[in-house]
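Pasted below: my_file33.cif, mmCIF, C-alpha atoms (C1' of nucleotides).
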data_protein
#
loop_
_atom_site.label_atom_id
_atom_site.label_comp_id
_atom_site.auth_asym_id
_atom_site.auth_seq_id
_atom_site.Cartn_x
_atom_site.Cartn_y
_atom_site.Cartn_z
CA MET A 1 0.19 -17.32 -11.39
CA GLN A 2 1.47 -14.04 -10.08
CA THR A 3 -1.32 -11.79 -11.29
CA ALA A 4 -4.26 -13.65 -9.79
CA PRO A 5 -3.52 -13.15 -6.08
CA ASP A 6 -2.25 -9.64 -6.63
CA ALA A 7 -5.56 -7.78 -6.88
CA LEU A 8 -6.91 -9.86 -4.00
CA PHE A 9 -4.03 -9.16 -1.62
CA ARG A 10 -4.14 -5.53 -2.60
CA SER A 11 -7.88 -5.21 -2.09
CA LEU A 12 -7.82 -6.87 1.29
CA ALA A 13 -4.79 -4.99 2.53
CA ASP A 14 -6.80 -1.92 3.43
CA PRO A 15 -8.56 -2.26 6.81
CA THR A 16 -11.63 -0.24 5.83
CA ARG A 17 -12.07 -2.21 2.66
CA ARG A 18 -11.53 -5.50 4.40
CA ALA A 19 -14.09 -4.50 7.01
CA LEU A 20 -16.62 -3.93 4.26
CA PHE A 21 -15.98 -7.35 2.81
CA GLU A 22 -16.15 -8.91 6.27
CA ARG A 23 -19.44 -7.21 6.99
CA LEU A 24 -20.95 -8.33 3.70
CA SER A 25 -19.73 -11.86 4.34
CA ARG A 26 -21.16 -11.94 7.84
CA ASP A 27 -24.41 -10.06 7.43
CA GLY A 28 -25.23 -10.63 3.79
CA GLU A 29 -26.41 -8.18 1.16
CA GLN A 30 -26.32 -4.48 2.09
CA THR A 31 -27.01 -1.15 0.46
CA VAL A 32 -24.34 1.52 0.24
CA ARG A 33 -26.21 3.57 2.79
CA MET A 34 -26.23 0.71 5.30
CA LEU A 35 -22.57 0.06 4.71
CA THR A 36 -21.72 3.72 5.15
CA ASP A 37 -23.29 3.86 8.60
CA ASN A 38 -20.82 2.52 11.17
CA SER A 39 -18.06 2.44 8.59
CA GLY A 40 -16.31 5.51 9.93
CA VAL A 41 -15.86 7.01 6.49
CA SER A 42 -17.98 8.99 4.06
CA GLN A 43 -20.36 7.57 1.48
CA PRO A 44 -18.08 8.39 -1.46
CA ALA A 45 -15.23 6.58 0.28
CA VAL A 46 -17.44 3.53 0.71
CA SER A 47 -18.45 3.66 -2.94
CA LYS A 48 -14.82 3.81 -3.99
CA HIS A 49 -13.87 0.85 -1.81
CA LEU A 50 -16.78 -1.15 -3.13
CA GLY A 51 -15.57 -0.35 -6.62
CA VAL A 52 -12.17 -1.80 -5.81
CA LEU A 53 -13.67 -4.89 -4.23
CA LYS A 54 -15.95 -5.35 -7.22
CA HIS A 55 -13.04 -5.03 -9.60
CA ALA A 56 -11.29 -7.81 -7.71
CA GLY A 57 -14.43 -9.93 -7.95
CA LEU A 58 -14.92 -9.98 -4.20
CA VAL A 59 -18.36 -8.37 -4.31
CA ARG A 60 -21.31 -8.18 -6.66
CA SER A 61 -23.76 -5.32 -7.07
CA ARG A 62 -27.47 -5.33 -7.80
CA HIS A 63 -29.47 -2.23 -8.60
CA LYS A 64 -32.99 -1.77 -7.32
CA GLY A 65 -34.51 1.64 -7.79
CA ARG A 66 -32.22 4.28 -6.45
CA GLU A 67 -30.24 2.00 -4.20
CA THR A 68 -27.44 -0.44 -4.97
CA HIS A 69 -27.21 -3.69 -3.06
CA TYR A 70 -23.79 -5.27 -2.60
CA SER A 71 -23.07 -8.84 -1.63
CA ALA A 72 -19.87 -10.78 -0.91
CA GLN A 73 -18.51 -13.24 -3.44
CA PRO A 74 -16.36 -15.53 -1.31
CA ARG A 75 -15.43 -17.84 -4.17
CA ALA A 76 -13.25 -15.02 -5.42
CA LEU A 77 -10.88 -15.88 -2.58
CA SER A 78 -9.92 -19.17 -4.18
CA PRO A 79 -6.74 -17.88 -5.84
CA LEU A 80 -5.56 -16.89 -2.37
CA VAL A 81 -6.27 -20.35 -1.07
CA ASP A 82 -4.40 -21.85 -3.96
CA TRP A 83 -1.51 -19.48 -3.40
CA MET A 84 -1.25 -20.41 0.26
CA SER A 85 -1.59 -24.11 -0.38
CA TYR A 86 1.08 -23.90 -3.01
CA TYR A 87 3.64 -22.02 -0.98
CA SER A 88 2.95 -23.87 2.22
CA ARG A 89 3.40 -27.14 0.47
CA PHE A 90 7.05 -26.43 -0.17
CA TRP A 91 7.62 -26.11 3.52
CA HIS A 92 5.61 -29.24 4.09
CA ASP A 93 7.63 -31.18 1.57
CA ARG A 94 10.91 -29.94 2.96
CA PHE A 95 9.72 -30.95 6.39
CA ASP A 96 9.05 -34.46 5.14
CA ARG A 97 12.42 -34.63 3.44
CA LEU A 98 14.11 -33.50 6.60
CA GLU A 99 12.32 -36.18 8.54
CA ASP A 100 13.41 -38.77 5.99
CA LEU A 101 16.95 -37.51 6.18
CA LEU A 102 17.00 -37.72 9.95
CA LYS A 103 15.58 -41.22 9.83
CA ARG A 104 18.22 -42.37 7.41
CA MET A 105 20.95 -40.91 9.58
CA GLU A 106 19.90 -43.00 12.50
CA PRO A 107 21.86 -46.22 12.93
CA MET B 1 -9.09 -10.19 15.18
CA GLN B 2 -8.45 -7.31 12.82
CA THR B 3 -4.82 -6.74 13.66
CA ALA B 4 -3.51 -10.20 12.99
CA PRO B 5 -4.28 -10.49 9.27
CA ASP B 6 -3.61 -6.83 8.66
CA ALA B 7 0.19 -6.92 8.62
CA LEU B 8 0.07 -10.11 6.58
CA PHE B 9 -2.25 -8.81 3.89
CA ARG B 10 -0.28 -5.60 3.76
CA SER B 11 3.06 -7.36 3.50
CA LEU B 12 1.92 -9.66 0.75
CA ALA B 13 0.13 -6.97 -1.22
CA ASP B 14 3.33 -5.72 -2.81
CA PRO B 15 4.47 -7.86 -5.77
CA THR B 16 8.18 -7.42 -5.16
CA ARG B 17 7.82 -8.33 -1.52
CA ARG B 18 5.59 -11.28 -2.29
CA ALA B 19 8.12 -12.48 -4.85
CA LEU B 20 10.79 -12.44 -2.15
CA PHE B 21 8.66 -14.54 0.14
CA GLU B 22 7.79 -16.90 -2.68
CA ARG B 23 11.43 -17.30 -3.58
CA LEU B 24 12.42 -18.01 0.00
CA SER B 25 9.61 -20.52 0.26
CA ARG B 26 10.59 -22.26 -2.94
CA ASP B 27 14.36 -22.16 -2.79
CA GLY B 28 15.04 -22.03 0.93
CA GLU B 29 17.41 -19.82 2.87
CA GLN B 30 19.10 -17.00 0.97
CA THR B 31 21.44 -14.13 1.67
CA VAL B 32 20.47 -10.55 0.88
CA ARG B 33 22.94 -10.53 -1.97
CA MET B 34 21.40 -13.61 -3.56
CA LEU B 35 17.93 -12.18 -3.14
CA THR B 36 18.96 -8.88 -4.67
CA ASP B 37 20.18 -10.54 -7.86
CA ASN B 38 17.22 -11.19 -10.15
CA SER B 39 14.95 -9.16 -7.93
CA GLY B 40 14.87 -6.17 -10.25
CA VAL B 41 15.43 -3.71 -7.42
CA SER B 42 18.41 -2.40 -5.46
CA GLN B 43 19.92 -4.01 -2.39
CA PRO B 44 18.53 -1.38 0.01
CA ALA B 45 15.07 -1.95 -1.43
CA VAL B 46 15.44 -5.68 -0.78
CA SER B 47 16.60 -5.03 2.77
CA LYS B 48 13.60 -2.81 3.38
CA HIS B 49 11.18 -5.39 2.04
CA LEU B 50 12.79 -8.09 4.14
CA GLY B 51 12.36 -5.85 7.15
CA VAL B 52 8.65 -5.60 6.47
CA LEU B 53 8.34 -9.34 5.97
CA LYS B 54 10.26 -9.98 9.15
CA HIS B 55 8.05 -7.61 11.09
CA ALA B 56 5.05 -9.59 9.89
CA GLY B 57 6.74 -12.81 10.99
CA LEU B 58 6.88 -14.15 7.45
CA VAL B 59 10.67 -14.49 7.40
CA ARG B 60 13.46 -15.10 9.87
CA SER B 61 17.01 -13.81 9.70
CA ARG B 62 20.25 -15.43 10.76
CA HIS B 63 23.56 -13.63 10.85
CA LYS B 64 26.75 -15.31 9.87
CA GLY B 65 29.79 -13.14 9.53
CA ARG B 66 29.02 -10.21 7.32
CA GLU B 67 26.07 -11.78 5.59
CA THR B 68 22.46 -12.19 6.70
CA HIS B 69 20.57 -15.31 5.75
CA TYR B 70 16.81 -15.06 5.42
CA SER B 71 14.36 -17.93 5.41
CA ALA B 72 10.59 -18.16 4.97
CA GLN B 73 8.34 -18.81 7.92
CA PRO B 74 5.18 -20.13 6.24
CA ARG B 75 3.35 -20.89 9.47
CA ALA B 76 3.03 -17.14 9.86
CA LEU B 77 0.34 -17.49 7.23
CA SER B 78 -2.02 -19.24 9.61
CA PRO B 79 -3.88 -16.07 10.67
CA LEU B 80 -4.74 -15.63 7.02
CA VAL B 81 -6.10 -19.13 6.90
CA ASP B 82 -8.14 -18.43 10.00
CA TRP B 83 -9.44 -15.22 8.51
CA MET B 84 -10.50 -16.85 5.31
CA SER B 85 -12.13 -19.82 6.94
CA TYR B 86 -14.07 -17.51 9.22
CA TYR B 87 -15.31 -15.16 6.55
CA SER B 88 -16.16 -17.66 3.90
CA ARG B 89 -17.99 -20.77 4.84
CA PHE B 90 -17.98 -21.63 1.18
CA TRP B 91 -14.41 -22.85 1.23
CA HIS B 92 -14.49 -24.55 4.57
CA ASP B 93 -13.52 -27.97 3.34
CA ARG B 94 -10.46 -26.72 1.54
CA PHE B 95 -9.46 -24.62 4.50
CA ASP B 96 -9.65 -27.53 6.86
CA ARG B 97 -7.17 -29.38 4.75
CA LEU B 98 -4.86 -26.39 4.56
CA GLU B 99 -5.11 -25.87 8.29
CA ASP B 100 -4.07 -29.43 8.88
CA LEU B 101 -1.11 -28.84 6.66
CA LEU B 102 -0.06 -25.76 8.59
CA LYS B 103 -0.57 -27.49 11.92
CA ARG B 104 1.86 -30.21 10.90
CA MET B 105 4.55 -27.61 10.53
CA GLU B 106 4.33 -26.53 14.13
CA PRO B 107 7.31 -27.61 16.21
"C1'" DA C 1 47.21 -2.76 7.00
"C1'" DC C 2 44.20 -2.04 3.16
"C1'" DA C 3 40.71 -2.98 0.06
"C1'" DA C 4 36.58 -5.04 -0.94
"C1'" DT C 5 32.22 -7.18 0.25
"C1'" DC C 6 27.92 -7.41 2.78
"C1'" DC C 7 23.97 -5.28 4.61
"C1'" DA C 8 21.44 -1.83 7.17
"C1'" DT C 9 20.16 2.88 7.55
"C1'" DA C 10 19.48 7.68 6.25
"C1'" DA C 11 17.86 11.11 3.20
"C1'" DC C 12 15.26 12.08 -0.44
"C1'" DC C 13 11.71 11.84 -4.34
"C1'" DG C 14 7.57 10.78 -7.28
"C1'" DT C 15 3.51 8.51 -7.30
"C1'" DA C 16 -0.30 5.76 -5.54
"C1'" DT C 17 -3.79 5.81 -2.36
"C1'" DG C 18 -7.30 6.77 0.98
"C1'" DG C 19 -9.71 10.41 2.60
"C1'" DT C 20 -12.51 14.66 2.05
"C1'" DT C 21 -16.27 18.03 0.00
"C1'" DA C 22 -19.08 19.27 -3.98
"C1'" DT C 23 -22.14 17.93 -7.38
"C1'" DC C 24 -25.21 15.56 -10.51
"C1'" DG C 25 -28.47 12.07 -12.39
"C1'" DT C 26 -32.11 8.94 -10.62
"C1'" DT C 27 -35.58 7.56 -8.06
"C1'" DT C 28 -38.80 7.82 -4.26
"C1'" DA C 29 -41.85 10.45 -1.06
"C1'" DC C 30 -45.01 14.18 0.01
"C1'" DG D 1 -44.32 19.16 -9.10
"C1'" DT D 2 -41.06 19.75 -5.61
"C1'" DA D 3 -38.18 18.12 -2.29
"C1'" DA D 4 -35.43 14.65 -0.31
"C1'" DA D 5 -32.71 10.37 -0.48
"C1'" DC D 6 -29.44 7.41 -2.81
"C1'" DG D 7 -25.15 6.49 -4.93
"C1'" DA D 8 -21.58 7.43 -8.33
"C1'" DT D 9 -18.17 10.62 -9.95
"C1'" DA D 10 -15.03 14.62 -10.03
"C1'" DA D 11 -11.70 17.51 -8.00
"C1'" DC D 12 -8.70 18.00 -4.62
"C1'" DC D 13 -5.41 17.11 -0.59
"C1'" DA D 14 -2.20 14.85 2.72
"C1'" DT D 15 0.27 11.11 3.51
"C1'" DA D 16 2.03 6.41 2.97
"C1'" DC D 17 4.88 3.79 0.22
"C1'" DG D 18 8.21 1.88 -2.95
"C1'" DG D 19 12.01 3.22 -5.21
"C1'" DT D 20 16.56 5.51 -5.58
"C1'" DT D 21 21.60 7.08 -4.18
"C1'" DA D 22 24.85 7.86 -0.45
"C1'" DT D 23 27.05 6.20 3.46
"C1'" DG D 24 28.86 3.81 7.39
"C1'" DG D 25 29.84 -0.25 10.43
"C1'" DA D 26 31.26 -4.87 10.37
"C1'" DT D 27 33.58 -8.67 8.36
"C1'" DT D 28 36.45 -11.03 5.10
"C1'" DG D 29 40.23 -11.47 1.74
"C1'" DT D 30 45.04 -10.18 0.08
#

Before anything else, please render the file you have as structure tokens.
Amino acid sequence: MQTAPDALFRSLADPTRRALFERLSRDGEQTVRMLTDNSGVSQPAVSKHLGVLKHAGLVRSRHKGRETHYSAQPRALSPLVDWMSYYSRFWHDRFDRLEDLLKRMEP
Amino acid sequence: MQTAPDALFRSLADPTRRALFERLSRDGEQTVRMLTDNSGVSQPAVSKHLGVLKHAGLVRSRHKGRETHYSAQPRALSPLVDWMSYYSRFWHDRFDRLEDLLKRMEP
DNA sequence: ACAATCCATAACCGTATGGTTATCGTTTAC
DNA sequence: GTAAACGATAACCATACGGTTATGGATTGT
């Protein structure tokens, strides 16, 4: 349970890296060159970030000739959704119990 | 848009810190002492982590005498839900349900 | 009054991490 | 065939970060 969200939270914690994922999600498949432009960092930095994202399953890569096309893999976010649902539910349940308690205290 | 999820992702990226939040979510309000036991790290480390979580809005603190009681604030997660729903249409249905859940927690 | 507990802060340290430039193998273009 | 473009990797650097011990202010217990 603990390990699944870890790589995801870590990967998305960096603003540059998150921006890459956001851009791929919004605009679809992109080459490294395209991603480097307007990224504010160098091409090697972009490649490294994409490597991290790929390792977390958040992006996929496809080679065509000398260029590499990257695309977002949003289903990889599901452990995060599960995590949030799980830990929000406790609050939700407690809220319900509190409501029940208050109801029972009324005359 | 970028700033809101940033502190949250960052805060939750560290395993020790996430474990603290998870524990507060599961078991309810706890003092620093209680949180330090079974945390695997020293009391100052716990205090520092709680400071980060508090800064991100994920926990609240309440002073009583010489001890400080911390409690989880799961609705602080909502920017993350927004972020995910925006950047991945794929999980929209699930997100809608989670958003409803979080909305019900609002005062 | 004194000792002990609680917690925050300061000072410090090693490592992880995000960035750079340099380079090299491939592949395209001329 | 030669040059240029693409992208990954290596080597390196500065800093951010998570951990520690030491300490001090506040509160509680004896």

Task: Nearby residues (only C-alpha atoms (C1' of nucleotides)) at most 12 Å from region 45-52 of chain B, same-chain spacing under 3 positions excluded, as an MDAnalysis selection string - done: (chainID B and resid 7:21 24 30:42 55:61 67:72) or (chainID C and resid 6:9) or (chainID D and resid 17:21)

Task: Pairwise distance for C1' of DA10 (chain C) and C1' of DT23 (chain D), rounded to one decimal in Å - done: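 For C1' of DA10 (chain C) relative to C1' of DT23 (chain D), the distance reads 8.2 Å.
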
Task: Target residues per the PyMOL selection byres ((chain B and resi 26) around 9), formatted as a VMD selection string - done: (chain A and resid 87 90 to 91) or (chain B and resid 21 to 25 27 to 28 72)

- [ ] Run the PyMOL selection byres ((chain C) within 12 of (chain A)) on the file and write out the hits as a PyMOL selection string.
- [x] chain C and resi 17-23+25-28

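One finds CA of Glu29 (chain A) at 26.4 Å from CA of Asp82 (chain A).
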
Open item on the list: Just to confirm, what's the straight-line distance from CA of Trp83 (chain A) to CA of Met84 (chain B) in Å (one decimal)?
Closed with: 12.8 Å

Which residues of chain D come within 12 Å of chain A, and for each one, what is the closest pair of atoms and their distance in Å to one decimal, counting all atoms listed in the file, sorted by chain and residue number, as JSON lines?
{"residue": "D:DA5", "atom": "C1'", "partner": "A:Arg66", "partner_atom": "CA", "distance": 8.5}
{"residue": "D:DC6", "atom": "C1'", "partner": "A:Arg66", "partner_atom": "CA", "distance": 5.5}
{"residue": "D:DG7", "atom": "C1'", "partner": "A:Glu67", "partner_atom": "CA", "distance": 6.8}
{"residue": "D:DA8", "atom": "C1'", "partner": "A:Ser47", "partner_atom": "CA", "distance": 7.3}
{"residue": "D:DT9", "atom": "C1'", "partner": "A:Pro44", "partner_atom": "CA", "distance": 8.8}
{"residue": "D:DA10", "atom": "C1'", "partner": "A:Pro44", "partner_atom": "CA", "distance": 11.0}

Open item on the list: Calculated over only C-alpha atoms, which of the candidates B:Asp100, B:Asp6, B:Ser85, B:Pro79 has the smallest distance to chain A?
Closed with: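 Distance minimum relative to chain A lands on B:Asp6.
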
Export C-alpha atoms of region 15-104 of chain A from the structure just given, as a compact mmCIF listing (two decimals), in the first residue's frame?
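Saved to result-v8.txt:
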# COMPACT_ATOMS: atom_id res chain seq x y z
CA PRO A 15 7.41 21.56 -10.73
CA THR A 16 9.39 21.10 -13.93
CA ARG A 17 8.57 17.44 -14.08
CA ARG A 18 4.93 18.03 -13.29
CA ALA A 19 4.80 20.66 -16.02
CA LEU A 20 6.07 18.09 -18.51
CA PHE A 21 3.39 15.64 -17.50
CA GLU A 22 0.75 18.38 -17.64
CA ARG A 23 1.86 19.40 -21.10
CA LEU A 24 1.79 15.85 -22.38
CA SER A 25 -1.65 15.37 -20.86
CA ARG A 26 -3.00 18.54 -22.39
CA ASP A 27 -1.35 18.58 -25.79
CA GLY A 28 -0.73 14.91 -26.43
CA GLU A 29 2.36 13.16 -27.74
CA GLN A 30 5.52 15.26 -28.03
CA THR A 31 9.14 14.78 -28.98
CA VAL A 32 11.94 15.62 -26.56
CA ARG A 33 12.87 18.58 -28.69
CA MET A 34 9.34 20.00 -28.54
CA LEU A 35 9.21 19.46 -24.81
CA THR A 36 12.57 21.13 -24.32
CA ASP A 37 11.42 24.33 -26.01
CA ASN A 38 9.50 26.47 -23.51
CA SER A 39 10.50 24.18 -20.68
CA GLY A 40 13.07 26.57 -19.27
CA VAL A 41 15.66 23.85 -18.84
CA SER A 42 18.16 22.08 -21.05
CA GLN A 43 17.51 19.03 -23.20
CA PRO A 44 19.44 16.67 -20.91
CA ALA A 45 17.38 17.90 -17.97
CA VAL A 46 14.19 17.15 -19.90
CA SER A 47 15.46 13.69 -20.79
CA LYS A 48 16.23 12.99 -17.16
CA HIS A 49 12.80 14.13 -16.01
CA LEU A 50 11.14 12.04 -18.67
CA GLY A 51 13.14 9.09 -17.43
CA VAL A 52 11.77 9.59 -13.93
CA LEU A 53 8.22 9.96 -15.20
CA LYS A 54 8.61 6.86 -17.32
CA HIS A 55 9.93 4.90 -14.37
CA ALA A 56 6.82 5.87 -12.44
CA GLY A 57 4.67 4.75 -15.36
CA LEU A 58 3.33 8.23 -15.96
CA VAL A 59 4.61 8.45 -19.54
CA ARG A 60 5.35 6.12 -22.40
CA SER A 61 7.99 6.52 -25.10
CA ARG A 62 7.94 5.59 -28.76
CA HIS A 63 10.96 5.74 -31.02
CA LYS A 64 10.70 6.87 -34.60
CA GLY A 65 13.94 7.46 -36.42
CA ARG A 66 16.16 9.73 -34.43
CA GLU A 67 13.41 11.22 -32.33
CA THR A 68 11.59 9.87 -29.29
CA HIS A 69 7.92 10.61 -28.82
CA TYR A 70 6.55 10.74 -25.28
CA SER A 71 2.92 10.53 -24.26
CA ALA A 72 1.10 10.76 -20.93
CA GLN A 73 -0.26 7.66 -19.26
CA PRO A 74 -2.96 9.05 -16.97
CA ARG A 75 -4.10 5.65 -15.73
CA ALA A 76 -0.86 5.54 -13.79
CA LEU A 77 -2.44 8.08 -11.45
CA SER A 78 -4.92 5.55 -10.13
CA PRO A 79 -2.91 4.60 -7.03
CA LEU A 80 -3.05 8.27 -6.07
CA VAL A 81 -6.79 8.32 -6.50
CA ASP A 82 -7.08 5.21 -4.40
CA TRP A 83 -4.83 6.71 -1.76
CA MET A 84 -6.90 9.86 -1.53
CA SER A 85 -10.19 8.02 -1.51
CA TYR A 86 -8.92 5.78 1.22
CA TYR A 87 -7.62 8.47 3.52
CA SER A 88 -10.48 10.83 2.90
CA ARG A 89 -12.94 8.14 3.71
CA PHE A 90 -11.78 8.00 7.30
CA TRP A 91 -12.67 11.61 7.71
CA HIS A 92 -15.95 11.00 5.98
CA ASP A 93 -16.78 8.10 8.26
CA ARG A 94 -15.83 10.03 11.36
CA PHE A 95 -18.01 12.85 10.16
CA ASP A 96 -20.94 10.48 9.86
CA ARG A 97 -20.27 9.03 13.28
CA LEU A 98 -20.13 12.48 14.76
CA GLU A 99 -23.44 13.32 13.16
CA ASP A 100 -24.94 10.13 14.57
CA LEU A 101 -23.55 10.94 17.97
CA LEU A 102 -25.00 14.44 17.91
CA LYS A 103 -28.35 13.08 16.82
CA ARG A 104 -28.42 10.59 19.65
